[in-house]
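Shown here: data14.csv, CSV, C-alpha atoms and all ligand atoms.
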chain,number,residue,atom,x,y,z
A,23,MET,CA,-9.7,82.8,-2.3
A,24,ASN,CA,-11.6,81.5,-5.4
A,25,PRO,CA,-10.6,82.9,-8.8
A,26,SER,CA,-13.3,84.6,-10.9
A,27,VAL,CA,-14.8,82.6,-13.7
A,28,GLU,CA,-13.0,84.9,-16.1
A,29,ASP,CA,-9.7,84.0,-14.4
A,30,VAL,CA,-10.5,80.3,-14.7
A,31,CYS,CA,-11.3,80.7,-18.4
A,32,ARG,CA,-8.2,82.6,-19.1
A,33,LEU,CA,-5.8,80.1,-17.5
A,34,ALA,CA,-5.5,78.1,-20.7
A,35,PRO,CA,-7.4,77.7,-24.0
A,36,VAL,CA,-8.9,74.4,-22.9
A,37,ILE,CA,-10.6,73.3,-19.7
A,38,PRO,CA,-10.3,69.5,-19.5
A,39,VAL,CA,-13.7,67.9,-18.7
A,40,LEU,CA,-12.9,64.8,-16.6
A,41,ILE,CA,-15.0,61.7,-15.9
A,42,VAL,CA,-12.8,59.9,-13.3
A,43,GLU,CA,-13.8,56.4,-12.1
A,44,ASP,CA,-10.8,55.6,-9.9
A,45,VAL,CA,-9.5,57.9,-7.3
A,46,ALA,CA,-6.1,56.4,-7.6
A,47,THR,CA,-5.7,58.0,-11.0
A,48,ALA,CA,-6.6,61.5,-9.7
A,49,ALA,CA,-3.2,62.7,-8.6
A,50,PRO,CA,-1.2,61.6,-11.6
A,51,LEU,CA,-3.9,62.8,-14.0
A,52,ALA,CA,-4.0,66.3,-12.5
A,53,ARG,CA,-0.2,66.4,-12.5
A,54,ALA,CA,0.0,65.4,-16.2
A,55,LEU,CA,-2.6,67.9,-17.2
A,56,CYS,CA,-0.8,70.7,-15.3
A,57,ALA,CA,2.6,69.7,-16.6
A,58,GLY,CA,1.1,70.0,-20.1
A,59,GLY,CA,-0.1,73.5,-19.3
A,60,LEU,CA,-3.8,73.0,-18.5
A,61,ARG,CA,-4.4,74.2,-15.0
A,62,ALA,CA,-8.2,74.7,-14.8
A,63,LEU,CA,-9.6,71.2,-14.4
A,64,GLU,CA,-13.3,70.3,-14.3
A,65,VAL,CA,-14.1,67.1,-12.5
A,66,THR,CA,-17.6,66.1,-13.3
A,67,LEU,CA,-19.8,64.7,-10.6
A,68,ARG,CA,-20.7,61.7,-12.8
A,69,THR,CA,-18.9,59.0,-10.9
A,70,PRO,CA,-19.2,57.8,-7.3
A,71,ALA,CA,-15.5,58.7,-6.9
A,72,ALA,CA,-15.8,62.3,-8.1
A,73,LEU,CA,-15.7,64.1,-4.7
A,74,ASP,CA,-12.7,62.1,-3.6
A,75,VAL,CA,-11.1,62.8,-6.9
A,76,ILE,CA,-11.5,66.6,-6.3
A,77,ARG,CA,-10.0,66.2,-2.9
A,78,ALA,CA,-7.1,64.1,-4.2
A,79,MET,CA,-6.3,66.6,-7.1
A,80,VAL,CA,-6.4,69.6,-4.8
A,81,ALA,CA,-3.9,67.9,-2.5
A,82,ALA,CA,-1.6,66.5,-5.3
A,83,ALA,CA,-1.5,69.4,-7.7
A,84,PRO,CA,-1.2,72.8,-6.0
A,85,ASP,CA,-0.8,74.5,-9.4
A,86,ALA,CA,-4.2,73.2,-10.5
A,87,VAL,CA,-7.5,75.1,-10.1
A,88,VAL,CA,-9.9,72.3,-9.6
A,89,GLY,CA,-13.5,72.7,-10.3
A,90,ALA,CA,-16.6,70.5,-10.2
A,91,GLY,CA,-18.8,69.8,-13.2
A,92,THR,CA,-22.3,68.4,-13.7
A,93,LEU,CA,-23.6,70.3,-10.7
A,94,MET,CA,-27.3,69.5,-10.8
A,95,THR,CA,-28.6,70.4,-7.4
A,96,PRO,CA,-27.8,72.7,-4.4
A,97,GLU,CA,-26.5,69.6,-2.6
A,98,ASP,CA,-24.0,69.0,-5.4
A,99,VAL,CA,-22.9,72.6,-5.1
A,100,ARG,CA,-22.3,72.3,-1.3
A,101,ALA,CA,-20.6,68.9,-1.7
A,102,ALA,CA,-18.3,70.2,-4.4
A,103,LYS,CA,-17.4,73.3,-2.4
A,104,ALA,CA,-16.7,71.2,0.7
A,105,ALA,CA,-14.5,68.9,-1.3
A,106,GLY,CA,-12.3,71.8,-2.4
A,107,ALA,CA,-13.7,72.8,-5.7
A,108,ARG,CA,-12.9,76.4,-6.6
A,109,PHE,CA,-15.4,76.8,-9.4
A,110,GLY,CA,-18.5,75.0,-10.6
A,111,VAL,CA,-19.9,74.0,-14.0
A,112,SER,CA,-23.3,72.8,-14.9
A,113,PRO,CA,-24.9,71.5,-18.1
A,114,GLY,CA,-27.7,74.0,-17.6
A,115,CYS,CA,-28.7,77.1,-15.7
A,116,THR,CA,-31.2,76.8,-12.9
A,117,ASP,CA,-32.0,79.3,-10.1
A,118,ARG,CA,-31.6,76.7,-7.4
A,119,VAL,CA,-28.1,75.8,-8.5
A,120,LEU,CA,-27.1,79.4,-9.0
A,121,ASP,CA,-28.6,80.5,-5.7
A,122,ALA,CA,-26.7,77.7,-3.9
A,123,ALA,CA,-23.4,78.7,-5.7
A,124,GLU,CA,-23.9,82.3,-4.7
A,125,ALA,CA,-24.6,81.3,-1.1
A,126,GLU,CA,-21.4,79.2,-1.1
A,127,GLY,CA,-19.3,81.8,-2.8
A,128,LEU,CA,-18.6,79.3,-5.6
A,129,PRO,CA,-18.0,80.9,-9.0
A,130,MET,CA,-20.3,79.3,-11.6
A,131,LEU,CA,-20.0,78.5,-15.3
A,132,PRO,CA,-23.5,77.3,-16.1
A,133,GLY,CA,-24.5,76.0,-19.5
A,134,VAL,CA,-26.9,77.6,-21.9
A,135,ALA,CA,-28.1,76.4,-25.3
A,136,THR,CA,-30.3,79.3,-26.5
A,137,PRO,CA,-30.1,83.1,-26.6
A,138,GLY,CA,-33.1,83.2,-24.2
A,139,GLU,CA,-31.2,81.1,-21.6
A,140,ALA,CA,-28.2,83.3,-22.1
A,141,MET,CA,-30.3,86.4,-21.5
A,142,ARG,CA,-31.8,85.0,-18.3
A,143,ALA,CA,-28.4,84.2,-17.0
A,144,ALA,CA,-27.3,87.8,-17.9
A,145,GLU,CA,-30.3,89.1,-15.9
A,146,ARG,CA,-28.8,87.3,-12.9
A,147,GLY,CA,-25.5,89.2,-13.5
A,148,LEU,CA,-23.6,86.4,-15.2
A,149,SER,CA,-21.5,87.3,-18.2
A,150,ILE,CA,-19.5,84.2,-18.8
A,151,LEU,CA,-21.4,81.1,-19.7
A,152,LYS,CA,-20.8,77.6,-21.1
A,153,PHE,CA,-22.3,77.0,-24.6
A,154,PHE,CA,-23.5,73.4,-24.3
A,155,PRO,CA,-23.6,71.1,-26.1
A,156,ALA,CA,-21.7,73.2,-28.6
A,157,GLU,CA,-21.4,71.1,-31.7
A,158,ALA,CA,-24.9,69.7,-31.5
A,159,ASN,CA,-26.2,73.3,-31.1
A,160,GLY,CA,-24.8,74.5,-34.4
A,161,GLY,CA,-21.1,74.8,-33.4
A,162,ALA,CA,-18.9,77.8,-34.0
A,163,LYS,CA,-21.3,79.1,-36.7
A,164,ALA,CA,-24.2,79.4,-34.2
A,165,LEU,CA,-22.1,80.8,-31.4
A,166,GLY,CA,-20.5,83.3,-33.7
A,167,ALA,CA,-24.0,84.5,-34.6
A,168,TRP,CA,-24.6,85.3,-31.0
A,169,ALA,CA,-21.6,87.6,-30.7
A,170,SER,CA,-23.2,90.8,-32.0
A,171,PRO,CA,-26.7,90.7,-30.3
A,172,LEU,CA,-25.3,89.3,-27.1
A,173,ALA,CA,-22.2,91.5,-27.2
A,174,LYS,CA,-21.5,91.6,-23.4
A,175,LEU,CA,-21.5,87.8,-23.0
A,176,ARG,CA,-18.5,85.5,-23.3
A,177,PHE,CA,-18.6,81.7,-23.6
A,178,CYS,CA,-16.7,78.4,-23.0
A,179,PRO,CA,-18.2,76.1,-25.7
A,180,THR,CA,-18.2,72.5,-24.6
A,181,GLY,CA,-19.6,69.3,-26.0
A,182,GLY,CA,-18.1,67.8,-29.2
A,183,VAL,CA,-15.1,70.2,-29.2
A,184,SER,CA,-11.8,68.6,-30.3
A,185,LEU,CA,-8.3,69.5,-31.3
A,186,GLU,CA,-9.6,69.7,-34.9
A,187,ASN,CA,-12.5,72.2,-34.4
A,188,ALA,CA,-11.2,74.1,-31.2
A,189,ARG,CA,-9.6,76.9,-33.3
A,190,ASP,CA,-12.9,77.6,-35.0
A,191,TYR,CA,-14.3,78.5,-31.6
A,192,LEU,CA,-11.2,80.2,-30.2
A,193,LYS,CA,-11.1,82.7,-33.0
A,194,LEU,CA,-14.6,84.0,-32.2
A,195,PRO,CA,-14.7,87.3,-30.3
A,196,ASN,CA,-17.2,85.9,-27.7
A,197,VAL,CA,-15.1,82.8,-26.8
A,198,LEU,CA,-12.6,82.8,-23.9
A,199,CYS,CA,-11.7,79.1,-23.9
A,200,VAL,CA,-13.2,75.8,-24.8
A,201,GLY,CA,-14.0,72.7,-22.7
A,202,GLY,CA,-13.4,69.1,-23.7
A,203,SER,CA,-12.8,65.6,-22.7
A,204,TRP,CA,-10.4,64.7,-25.5
A,205,VAL,CA,-7.3,65.6,-23.5
A,206,ALA,CA,-7.9,62.8,-21.0
A,207,PRO,CA,-9.0,59.8,-23.1
A,208,LYS,CA,-10.5,57.0,-21.0
A,209,ASP,CA,-8.0,54.4,-22.3
A,210,ALA,CA,-5.0,56.6,-21.5
A,211,VAL,CA,-6.3,57.1,-17.9
A,212,ALA,CA,-7.1,53.4,-17.4
A,213,GLU,CA,-3.6,52.5,-18.7
A,214,GLY,CA,-1.9,55.2,-16.6
A,215,ASP,CA,-0.4,56.6,-19.8
A,216,TRP,CA,0.4,60.0,-18.2
A,217,ALA,CA,3.0,60.9,-20.9
A,218,ARG,CA,0.3,60.7,-23.5
A,219,ILE,CA,-2.1,62.8,-21.5
A,220,GLU,CA,0.7,65.4,-20.8
A,221,ALA,CA,1.4,65.5,-24.6
A,222,LEU,CA,-2.3,66.0,-25.4
A,223,ALA,CA,-2.5,68.7,-22.8
A,224,ALA,CA,0.5,70.5,-24.2
A,225,GLU,CA,-1.0,70.3,-27.7
A,226,ALA,CA,-4.2,71.8,-26.3
A,227,ALA,CA,-2.4,74.5,-24.3
A,228,ALA,CA,-0.6,75.6,-27.4
A,229,LEU,CA,-3.9,76.2,-29.3
A,230,THR,CA,-4.5,79.7,-30.5
A,231,ALA,CA,-7.1,81.1,-32.8
A,301,LIG,O1,-20.8,65.8,-21.5
A,301,LIG,C1,-19.9,66.2,-22.2
A,301,LIG,C2,-18.8,67.0,-21.7
A,301,LIG,O2,-19.2,68.2,-21.3
A,301,LIG,C3,-17.6,67.1,-22.6
A,301,LIG,O3,-18.0,66.8,-23.9
A,301,LIG,P1,-17.0,66.1,-24.9
A,301,LIG,O4,-16.8,64.7,-24.3
A,301,LIG,O5,-17.7,66.0,-26.2
A,301,LIG,O6,-15.7,66.8,-24.9
A,302,LIG,C1,-21.3,69.2,-19.6
A,302,LIG,C2,-20.5,69.7,-18.5
A,302,LIG,O1,-19.5,70.3,-18.6
A,302,LIG,C3,-21.1,69.4,-17.1
A,302,LIG,O2,-21.6,68.3,-17.0
A,302,LIG,O3,-21.0,70.2,-16.2
As structure tokens - that is how I would like this structure written.
Ligand SMILES: O=C[C@H](O)COP(=O)(O)O
Ligand SMILES: CC(=O)C(=O)O
Amino acid sequence: MNPSVEDVCRLAPVIPVLIVEDVATAAPLARALCAGGLRALEVTLRTPAALDVIRAMVAAAPDAVVGAGTLMTPEDVRAAKAAGARFGVSPGCTDRVLDAAEAEGLPMLPGVATPGEAMRAAERGLSILKFFPAEANGGAKALGAWASPLAKLRFCPTGGVSLENARDYLKLPNVLCVGGSWVAPKDAVAEGDWARIEALAAEAAALTA
């Protein structure tokens, strides 16, 4: 059974956003992130290998909750679900993608960048959203200003979030967790430096407001 989006966002303070080119790195990458304490993993559908990466991570890391990011179309949603994704993430929020996710029973964390987009998502019954791209949209100061008027909504800010600024987001009352790629740097993945990735994950997992 799929976890709820809230369950996914409460697993750890950070959801790694992963762009994986080589399926051979999927299993050790997922294991390193989980060993460091990050269990919700977002594999973006931005590489030809992404669906195989999801399959490989699901098989190799039973503790991980593997989701698919960059879902742009209903076909992406169906392919991600078929590959074993347990949640979906999208840079934006479209009816076609949300309809497909509902039909597939795939919990969705869609992206919004304005209060109007957040209100439209709330009208569809969603209460947990990605704030994207967070830093470019005004960062923690902007998202903090949404907390009072959009009091029922919670967010996972993503885009430009780092170890240095993550706490500014995590201390906001409307933030459940943050998303970021910094925990799996491209060079560390290419070099197979799983110890470094585990250490980055542990540092991220220990983040508190
Ligand atoms: O497209 C960007 C991803 O959502 C993650 O952003 P980031 O690389 O700034 O952490
Ligand atoms: C931006 C992001 O997290 C996504 O591509 O789904």
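Minimum distance to ligand LIG 301 (chain A) across A:Arg118, A:Arg100, A:Lys163, A:Arg68 (counting all atoms listed in the file) occurs at A:Arg68.
For the residues A:Ala78, A:Gly201, A:Leu222, A:Ala188, ranking by smallest atom-to-atom distance to Val30 in chain A using all atoms listed in the file places A:Gly201 first.
The space separating CA of Val45 in chain A from CA of Thr116 in chain A comes to 29.3 Å.
Closest approach to ligand LIG 301 (chain A) among A:Glu186, A:Asp74, A:Asp98, A:Glu157 is made by A:Glu157 (distances from only C-alpha atoms and all ligand atoms).
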At most 8 Å from ligand LIG 301 (chain A) (all atoms listed in the file): residue list as number ranges by chain: A: 39-40, 113, 154-155, 180-184, 201-204
Nearest to ligand LIG 302 (chain A), chosen from A:Leu67, A:Val197, A:Ala224, A:Ala140, with only C-alpha atoms and all ligand atoms counted in the distances: A:Leu67
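Residues in contact range of Pro207 in chain A, defined as at most 10 Å between all atoms listed in the file, with sequence neighbours fewer than 5 positions away removed, read Leu40, Ile41, Ala212, Asp215, Arg218, Ile219 and Leu222 of chain A.
Here CA of Gly114 in chain A and CA of Ala101 in chain A stand 18.1 Å from one another.
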Site check for ligand LIG 302 (chain A): residues at most 6 Å away, only C-alpha atoms and all ligand atoms, as a ChimeraX atom specification: /A:66,91-92,111-113
Non-local contacts of Arg189 in chain A (12 Å; all atoms listed in the file; under 6 positions in same chain excluded) as a PyMOL selection string: chain A and resi 35-36+161-162+179+183+195+197-200+226-231
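Going from CA of Asp117 in chain A to CA of Arg32 in chain A covers 25.7 Å.
Residues in contact with Val119 in chain A at up to 8 Å, not including ones fewer than 6 positions away on its chain and judged by all atoms listed in the file, are Leu93, Met94, Thr95, Pro96 and Val99 of chain A.
When all atoms listed in the file are used to measure the gap to Leu51 in chain A, the shortest distance among A:Trp216, A:Tyr191, A:Phe153, A:Trp168 belongs to A:Trp216.
Using all atoms listed in the file, the shortest contact distance between Met130 in chain A and any of A:Pro171, A:Gly214, A:Gly89, A:Pro70 is found at A:Gly89.
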Size and centre in Å, one decimal, axis-aligned box, all listed range 81-97 of chain A atoms plus 4 Å per side, as lines of an AutoDock Vina configuration file:
center_x = -14.7
center_y = 70.8
center_z = -8.1
size_x = 35.8
size_y = 16.6
size_z = 19.2
Residue list as a PyMOL selection string for point (-17.3, 77.5, -0.1), cut-off 8 Å, only C-alpha atoms: chain A and resi 100+103-104+106+108+126-128
I need the residues from that last selection saved to file as a short mmCIF file (atom, residue, chain, number, x, y, z; two decimals), in the frame of the given file (with C-alpha atoms), if you can.
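out.cif, written as the output of this step:
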data_model
loop_
_atom_site.label_atom_id
_atom_site.label_comp_id
_atom_site.auth_asym_id
_atom_site.auth_seq_id
_atom_site.Cartn_x
_atom_site.Cartn_y
_atom_site.Cartn_z
CA ARG A 100 -22.30 72.30 -1.30
CA LYS A 103 -17.40 73.30 -2.40
CA ALA A 104 -16.70 71.20 0.70
CA GLY A 106 -12.30 71.80 -2.40
CA ARG A 108 -12.90 76.40 -6.60
CA GLU A 126 -21.40 79.20 -1.10
CA GLY A 127 -19.30 81.80 -2.80
CA LEU A 128 -18.60 79.30 -5.60
#
